[in-house]
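Written below as structure tokens is the structure these notes are about.
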Amino acid sequence: MANFIENSGGHFGQFGGCFAPELLQPVLKKVEQVFEDFKKSKPLQAEFDNLLQNFAGRTTPIYHAKNFGPNNGAQIWVKREDLLHGGAHKTNNVIGQAIIAREMGAKHLIAETGAGQHGIATAMAGAHFNMPVKVFMGAKDVVRQQVNVERMRLLGAEVISVETGSASLKDAINEAMRYWISHAEDTYYMFGTAAGPHPFPEMVARFQRIIGLEARAQILDQTGKLPDQVLACVGGGSNAIGIFQAFLEDKNTMLVGVEPAGNNIQHGLTIGRGVTGCLHGSISKVNCDANGQIEESHSISAGLDYPGVSPIHAYLDQLGDAEYVGVTDDEAMDSLLNFSRSEGIIPALESSHALAEAYKRALIMKPEDVLVVNLSGRGDKDLHTVFEYLETKQS
Amino acid sequence: MNRYQQTFAQLKEENRIAFVPFWMLGDPDPDTSLAAVKSIAKYADILELGLPFSDPLADGPTIQSAVNRSLIGGMNTKKCLEQVAEIRGDFSDTPIGLLVYLNLVLQYGISRFFIDCKKAGVDSVLIPELPVEEIDLVKIAAADSRIDLVFLLSTNTPQDRREQVYQHSGGFVYTVSKPSITGSKTDLTTDTLELVTELKSQTEIPLCVGFGISSPEHIKAHKKSGADGAIIGSELINIYQKEGLEALNKFCETCASST
């Protein structure tokens, strides 16, 4: 399967590029070269596929959420990435990138993490591939994702709390990049989302495309038709690009990215309200003030709390090939609770944004219409946030 | 001859290399910063001035703190250029280079940024995350305003990239002593000095060395290796923060006399 993302050279219209400090350019060139080798290597791809299957637990199911979906509305089907080893889609990416790291001869892995899912995934990959892991995490996220911090430590990773800037995901990325600049000769940076400098957007999209490939075949098999709409939450955008890719040529399938609208005043609507700018190595949409200073984003879900976004999504938005909408903290939380109690599945707060949008759309669609939602992760990590939210609402 | 060419020609005559102090505009506040720059400019052969950006991913803790103080003080691109114009008024011959992250340029508008730089008296612009491969984004705007683009080069830059850097650089090439962020405490390794000597044999463009240069001894060592200038940033900020303007002036004087 070929699409516009592959062999793009990292440029997606006016978006993308490799806007990283000169000191990272040689190592990024090396990553690109090893990734190109991977794309041609049958044995490396076989190793990747094998690990996805036997280590990570693919294929993940697709499931018809009949109880959650509205009566007489469209069918809502969920792609169960929450069942992937580690509890989220992030594992697909880290297995691929760990192979790249090993092929490059790296001895150490570093990663940034927001919600902690990518940090956990990197810690798992580091353990499996026998490479020590340092995870950079904003100090604010260390507090609100304490359980995930403990999981990373249990897996042998060192968690570095980042106090600089706004002490959130963007600052964790800054610190990881700074560390990489000084340690590039033996360290590989596992970038967690389809953003950053080339080749990361293309590479992460490639390692996540399995989600869409499976989902498309599964929904055809189960319903006999292609979905009317495919929905996924968008922070950096890796799970969304993972599921969207397989449907890019299906002109009757609408692709919907759901960004965090926060409390509607503070938000993470990077495509929705951002401008064309440069953050963390590529030109994309960013949330910044008129002078160009990056603004803090806000979302109740740490994994969507990012003022940047994948240049591939910025491009899909510009082309009109995908639509991007916002869902508030309250709507996402309602969906998390409803989905948990109606289906017996606790979705991640991130994925709950996509579920909320799917429910709204299903209400005004026909029962034969099919919506596929990427249930990108499980919500166990969010228990603390959920109960704090409920307490605040009651008081 | 432009200001860079004049400056390097004169330095050659005097058998000196350039002392290039770096300062973050607006640190610790707009007025104090302007006074500090005017003060250190007396000792400078070239001035390198930073514009504050919220996410400076090539910079270490010292410059990050300077950025924070500057932004809290309400500094922005327009005010920075106004200050540069004022500095230019007092120092008509000193080349002034700006170090600015790409997003500030994009939000200001690329053409407008270079036009206003020229009006303010800027000679060169260094965008730390703009590699030579992406030069087309700003090339025409910079050329139209006759602003030189300065690129970075490091010990880990392969030969083919070096050639591209030589080809596209104006003013000087910013040579990074070793792969690190700004302000890293480093001993001068023989690697670095050898790199400078090697690069000098490859290009006519002046080489200024920066990142991790923190003492008059470093300047002397780089003079021996053949560098055309030494850039000191983080250490100036550290001295100012700890000991104030007088100590800063004194340090700059010592640096200038070590060239």
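Every chain in the structure tokens has a letter given in the order shown (A, B, ...), and although residue numbers restart at 1 in each chain, ligands are simply numbered from 1 in the order shown.
Taking only C-alpha atoms, the non-local environment of Ile232 of chain B within 6 Å (same-chain residues fewer than 3 positions away omitted) comprises Pro21, Phe22 and Ile213 of chain B.
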Taking only residues of chain A that have an atom at most 8 Å from an atom of chain B, what is each one's shortest atom pair and its distance in Å to one decimal, using only C-alpha atoms, in chain and number order, as JSON lines?
```
{"residue": "A:Gly17", "atom": "CA", "partner": "B:Glu134", "partner_atom": "CA", "distance": 7.6}
{"residue": "A:Cys18", "atom": "CA", "partner": "B:Pro131", "partner_atom": "CA", "distance": 7.7}
{"residue": "A:Phe19", "atom": "CA", "partner": "B:Glu129", "partner_atom": "CA", "distance": 4.8}
{"residue": "A:Ala20", "atom": "CA", "partner": "B:Glu129", "partner_atom": "CA", "distance": 4.5}
{"residue": "A:Pro21", "atom": "CA", "partner": "B:Glu129", "partner_atom": "CA", "distance": 4.2}
{"residue": "A:Glu22", "atom": "CA", "partner": "B:Pro131", "partner_atom": "CA", "distance": 6.1}
{"residue": "A:Leu23", "atom": "CA", "partner": "B:Pro179", "partner_atom": "CA", "distance": 5.9}
{"residue": "A:Gln25", "atom": "CA", "partner": "B:Pro131", "partner_atom": "CA", "distance": 7.7}
{"residue": "A:Pro26", "atom": "CA", "partner": "B:Thr157", "partner_atom": "CA", "distance": 6.4}
{"residue": "A:Gly165", "atom": "CA", "partner": "B:Ser54", "partner_atom": "CA", "distance": 7.5}
{"residue": "A:Asp171", "atom": "CA", "partner": "B:Asp55", "partner_atom": "CA", "distance": 7.6}
{"residue": "A:Asn174", "atom": "CA", "partner": "B:Leu57", "partner_atom": "CA", "distance": 5.2}
{"residue": "A:Glu175", "atom": "CA", "partner": "B:Leu57", "partner_atom": "CA", "distance": 7.3}
{"residue": "A:Met177", "atom": "CA", "partner": "B:Leu57", "partner_atom": "CA", "distance": 6.7}
{"residue": "A:Arg178", "atom": "CA", "partner": "B:Leu57", "partner_atom": "CA", "distance": 6.0}
{"residue": "A:Ile181", "atom": "CA", "partner": "B:Ser180", "partner_atom": "CA", "distance": 5.6}
{"residue": "A:Ser182", "atom": "CA", "partner": "B:Ser180", "partner_atom": "CA", "distance": 4.4}
{"residue": "A:His183", "atom": "CA", "partner": "B:Pro179", "partner_atom": "CA", "distance": 8.0}
{"residue": "A:Thr276", "atom": "CA", "partner": "B:Leu106", "partner_atom": "CA", "distance": 7.9}
{"residue": "A:Gly277", "atom": "CA", "partner": "B:Asn103", "partner_atom": "CA", "distance": 5.4}
{"residue": "A:Cys278", "atom": "CA", "partner": "B:Asn103", "partner_atom": "CA", "distance": 4.9}
{"residue": "A:Leu279", "atom": "CA", "partner": "B:Asn103", "partner_atom": "CA", "distance": 7.1}
{"residue": "A:His280", "atom": "CA", "partner": "B:Leu57", "partner_atom": "CA", "distance": 7.9}
{"residue": "A:Gly281", "atom": "CA", "partner": "B:Glu129", "partner_atom": "CA", "distance": 7.2}
{"residue": "A:Ala290", "atom": "CA", "partner": "B:Gln107", "partner_atom": "CA", "distance": 6.5}
{"residue": "A:Asn291", "atom": "CA", "partner": "B:Gln107", "partner_atom": "CA", "distance": 6.2}
{"residue": "A:Gly292", "atom": "CA", "partner": "B:Leu104", "partner_atom": "CA", "distance": 4.7}
{"residue": "A:Gln293", "atom": "CA", "partner": "B:Ser54", "partner_atom": "CA", "distance": 5.3}
{"residue": "A:Ile294", "atom": "CA", "partner": "B:Ser54", "partner_atom": "CA", "distance": 6.1}
```
So that I have them on file, write out the residues from the current selection with N, CA and C atoms, as a PDB file, in the first residue's frame.
```pdb
ATOM      1  N   GLY A  17       9.057  18.993   7.088  1.00  0.00           N
ATOM      2  CA  GLY A  17      10.436  19.472   7.043  1.00  0.00           C
ATOM      3  C   GLY A  17      11.271  18.930   8.185  1.00  0.00           C
ATOM      4  N   CYS A  18      12.516  19.341   8.189  1.00  0.00           N
ATOM      5  CA  CYS A  18      13.444  18.851   9.214  1.00  0.00           C
ATOM      6  C   CYS A  18      14.095  20.051   9.901  1.00  0.00           C
ATOM      7  N   PHE A  19      13.268  20.814  10.620  1.00  0.00           N
ATOM      8  CA  PHE A  19      13.732  22.052  11.243  1.00  0.00           C
ATOM      9  C   PHE A  19      14.262  21.763  12.648  1.00  0.00           C
ATOM     10  N   ALA A  20      15.383  21.061  12.663  1.00  0.00           N
ATOM     11  CA  ALA A  20      16.021  20.708  13.926  1.00  0.00           C
ATOM     12  C   ALA A  20      17.404  21.341  13.954  1.00  0.00           C
ATOM     13  N   PRO A  21      17.942  21.582  15.159  1.00  0.00           N
ATOM     14  CA  PRO A  21      19.264  22.185  15.250  1.00  0.00           C
ATOM     15  C   PRO A  21      20.303  21.405  14.436  1.00  0.00           C
ATOM     16  N   GLU A  22      21.282  22.125  13.917  1.00  0.00           N
ATOM     17  CA  GLU A  22      22.336  21.520  13.085  1.00  0.00           C
ATOM     18  C   GLU A  22      22.949  20.289  13.745  1.00  0.00           C
ATOM     19  N   LEU A  23      23.092  20.352  15.079  1.00  0.00           N
ATOM     20  CA  LEU A  23      23.753  19.252  15.785  1.00  0.00           C
ATOM     21  C   LEU A  23      22.968  17.951  15.678  1.00  0.00           C
ATOM     22  N   GLN A  25      21.167  17.222  12.866  1.00  0.00           N
ATOM     23  CA  GLN A  25      20.988  16.882  11.451  1.00  0.00           C
ATOM     24  C   GLN A  25      21.705  15.579  11.059  1.00  0.00           C
ATOM     25  N   PRO A  26      22.970  15.392  11.473  1.00  0.00           N
ATOM     26  CA  PRO A  26      23.621  14.125  11.069  1.00  0.00           C
ATOM     27  C   PRO A  26      22.899  12.889  11.616  1.00  0.00           C
ATOM     28  N   GLY A 165      10.042  25.536  31.680  1.00  0.00           N
ATOM     29  CA  GLY A 165       8.905  26.016  30.891  1.00  0.00           C
ATOM     30  C   GLY A 165       7.594  25.807  31.617  1.00  0.00           C
ATOM     31  N   ASP A 171       7.580  20.702  27.048  1.00  0.00           N
ATOM     32  CA  ASP A 171       8.852  20.925  27.728  1.00  0.00           C
ATOM     33  C   ASP A 171       9.632  19.618  27.862  1.00  0.00           C
ATOM     34  N   ASN A 174      11.310  19.307  24.606  1.00  0.00           N
ATOM     35  CA  ASN A 174      12.484  20.194  24.568  1.00  0.00           C
ATOM     36  C   ASN A 174      13.670  19.553  25.283  1.00  0.00           C
ATOM     37  N   GLU A 175      13.412  19.036  26.488  1.00  0.00           N
ATOM     38  CA  GLU A 175      14.513  18.467  27.280  1.00  0.00           C
ATOM     39  C   GLU A 175      15.073  17.209  26.630  1.00  0.00           C
ATOM     40  N   MET A 177      15.119  16.539  23.438  1.00  0.00           N
ATOM     41  CA  MET A 177      15.908  17.004  22.279  1.00  0.00           C
ATOM     42  C   MET A 177      17.269  17.524  22.741  1.00  0.00           C
ATOM     43  N   ARG A 178      17.253  18.317  23.817  1.00  0.00           N
ATOM     44  CA  ARG A 178      18.516  18.868  24.329  1.00  0.00           C
ATOM     45  C   ARG A 178      19.450  17.740  24.754  1.00  0.00           C
ATOM     46  N   ILE A 181      20.901  16.054  21.672  1.00  0.00           N
ATOM     47  CA  ILE A 181      21.957  16.847  21.039  1.00  0.00           C
ATOM     48  C   ILE A 181      23.319  16.475  21.635  1.00  0.00           C
ATOM     49  N   SER A 182      23.343  16.319  22.954  1.00  0.00           N
ATOM     50  CA  SER A 182      24.623  16.053  23.624  1.00  0.00           C
ATOM     51  C   SER A 182      25.007  14.573  23.647  1.00  0.00           C
ATOM     52  N   HIS A 183      24.063  13.679  23.305  1.00  0.00           N
ATOM     53  CA  HIS A 183      24.344  12.240  23.423  1.00  0.00           C
ATOM     54  C   HIS A 183      24.020  11.458  22.152  1.00  0.00           C
ATOM     55  N   THR A 276      -0.082  28.508  11.305  1.00  0.00           N
ATOM     56  CA  THR A 276       1.070  27.814  10.738  1.00  0.00           C
ATOM     57  C   THR A 276       2.345  28.330  11.405  1.00  0.00           C
ATOM     58  N   GLY A 277       3.096  27.406  11.969  1.00  0.00           N
ATOM     59  CA  GLY A 277       4.299  27.811  12.690  1.00  0.00           C
ATOM     60  C   GLY A 277       5.252  26.643  12.821  1.00  0.00           C
ATOM     61  N   CYS A 278       6.257  26.801  13.657  1.00  0.00           N
ATOM     62  CA  CYS A 278       7.263  25.759  13.814  1.00  0.00           C
ATOM     63  C   CYS A 278       7.480  25.454  15.284  1.00  0.00           C
ATOM     64  N   LEU A 279       7.261  24.209  15.649  1.00  0.00           N
ATOM     65  CA  LEU A 279       7.538  23.746  17.006  1.00  0.00           C
ATOM     66  C   LEU A 279       8.117  22.337  16.905  1.00  0.00           C
ATOM     67  N   HIS A 280       9.208  22.098  17.626  1.00  0.00           N
ATOM     68  CA  HIS A 280       9.796  20.759  17.707  1.00  0.00           C
ATOM     69  C   HIS A 280      10.148  20.142  16.364  1.00  0.00           C
ATOM     70  N   GLY A 281      10.626  20.949  15.438  1.00  0.00           N
ATOM     71  CA  GLY A 281      11.276  20.357  14.274  1.00  0.00           C
ATOM     72  C   GLY A 281      10.505  20.289  12.983  1.00  0.00           C
ATOM     73  N   ALA A 290       0.605  36.169  19.108  1.00  0.00           N
ATOM     74  CA  ALA A 290       0.902  36.897  17.872  1.00  0.00           C
ATOM     75  C   ALA A 290       2.401  37.065  17.664  1.00  0.00           C
ATOM     76  N   ASN A 291       3.179  37.016  18.750  1.00  0.00           N
ATOM     77  CA  ASN A 291       4.630  37.162  18.632  1.00  0.00           C
ATOM     78  C   ASN A 291       5.339  35.852  18.339  1.00  0.00           C
ATOM     79  N   GLY A 292       4.620  34.736  18.471  1.00  0.00           N
ATOM     80  CA  GLY A 292       5.230  33.442  18.186  1.00  0.00           C
ATOM     81  C   GLY A 292       5.588  32.635  19.422  1.00  0.00           C
ATOM     82  N   GLN A 293       5.286  33.170  20.612  1.00  0.00           N
ATOM     83  CA  GLN A 293       5.570  32.400  21.833  1.00  0.00           C
ATOM     84  C   GLN A 293       4.525  31.290  21.958  1.00  0.00           C
ATOM     85  N   ILE A 294       5.013  30.069  22.183  1.00  0.00           N
ATOM     86  CA  ILE A 294       4.121  28.913  22.256  1.00  0.00           C
ATOM     87  C   ILE A 294       3.225  29.048  23.488  1.00  0.00           C
TER      88      ILE A 294
END
```
Taking only segment 88-163 of chain B into account, list the residues labelled strand (DSSP E or B) by DSSP (computed from the backbone), as a VMD selection string.
chain B and resid 96 to 99 124 to 126 148 to 149 152 to 154
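Here atom CA of Met254 of chain A stands at a distance of 14.1 Å from atom CA of His313 of chain A.
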Determine which residues of segment 36-252 of chain B DSSP labels as helix (DSSP H, G or I) from the backbone of this structure, then write them out as an MDAnalysis selection string.
chainID B and resid 36:41 61:72 77:90 102:108 110:120 132:134 136:144 159:168 190:200 216:225 234:243 245:252
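Checking A:Ile76, A:Pro260, A:Val147, A:Ala111 one by one against Leu355 of chain A, counting only C-alpha atoms, you find the shortest gap at A:Ile76.
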re atom CA of Arg69 of chain B and atom CA of Pro28 of chain B: distance 5.4 Å
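Excluding Met1 of chain B itself and any same-chain residue fewer than 6 positions from it, the protein and nucleic acid residues within 12 Å of it, counting only C-alpha atoms, are Thr7, Phe8, Ala9, Gln10, Asp93, Pro95 and Gly171 of chain B.
The closest residue to Ile72 of chain B, picked from B:Pro30, B:Gly210, B:Ile46, B:Val20 and counting only C-alpha atoms, is B:Pro30.
With only C-alpha atoms as the atoms that count, the minimum distance from Leu383 of chain A to the choices A:Val258, A:Val142, A:Ile346, A:Leu83 is reached by A:Ile346.
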Residue contacts of Leu207 of chain B (10 Å, only C-alpha atoms) excluding same-chain residues fewer than 3 positions away, as a PyMOL selection string
chain B and resi 17-18+152-153+171-176+196+199-200+203-204+210+226-230
Please write the residues from the selection above to a file, keeping C-alpha atoms, as a CSV table (one decimal), in the first residue's frame.
```
chain,number,residue,atom,x,y,z
B,17,ILE,CA,40.4,37.6,16.3
B,18,ALA,CA,36.9,38.8,16.9
B,152,LEU,CA,26.1,26.3,12.3
B,153,LEU,CA,28.7,23.7,11.7
B,171,GLY,CA,29.2,36.9,7.4
B,172,PHE,CA,30.7,34.0,9.2
B,173,VAL,CA,30.2,30.3,9.9
B,174,TYR,CA,29.1,29.6,13.5
B,175,THR,CA,31.3,26.7,14.5
B,176,VAL,CA,30.1,24.7,17.4
B,196,VAL,CA,38.9,24.7,13.4
B,199,LEU,CA,37.9,23.9,8.5
B,200,LYS,CA,40.2,26.9,8.0
B,203,THR,CA,37.1,27.7,3.3
B,204,GLU,CA,37.7,31.4,3.1
B,210,GLY,CA,30.8,29.2,20.1
B,226,GLY,CA,43.1,29.7,13.5
B,227,ALA,CA,39.5,30.7,14.4
B,228,ASP,CA,38.4,34.2,13.3
B,229,GLY,CA,36.3,34.9,16.3
B,230,ALA,CA,35.1,33.6,19.7
```
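As for atom CA of Phe207 of chain A and atom CA of Arg378 of chain A, they are spaced 19.9 Å apart.
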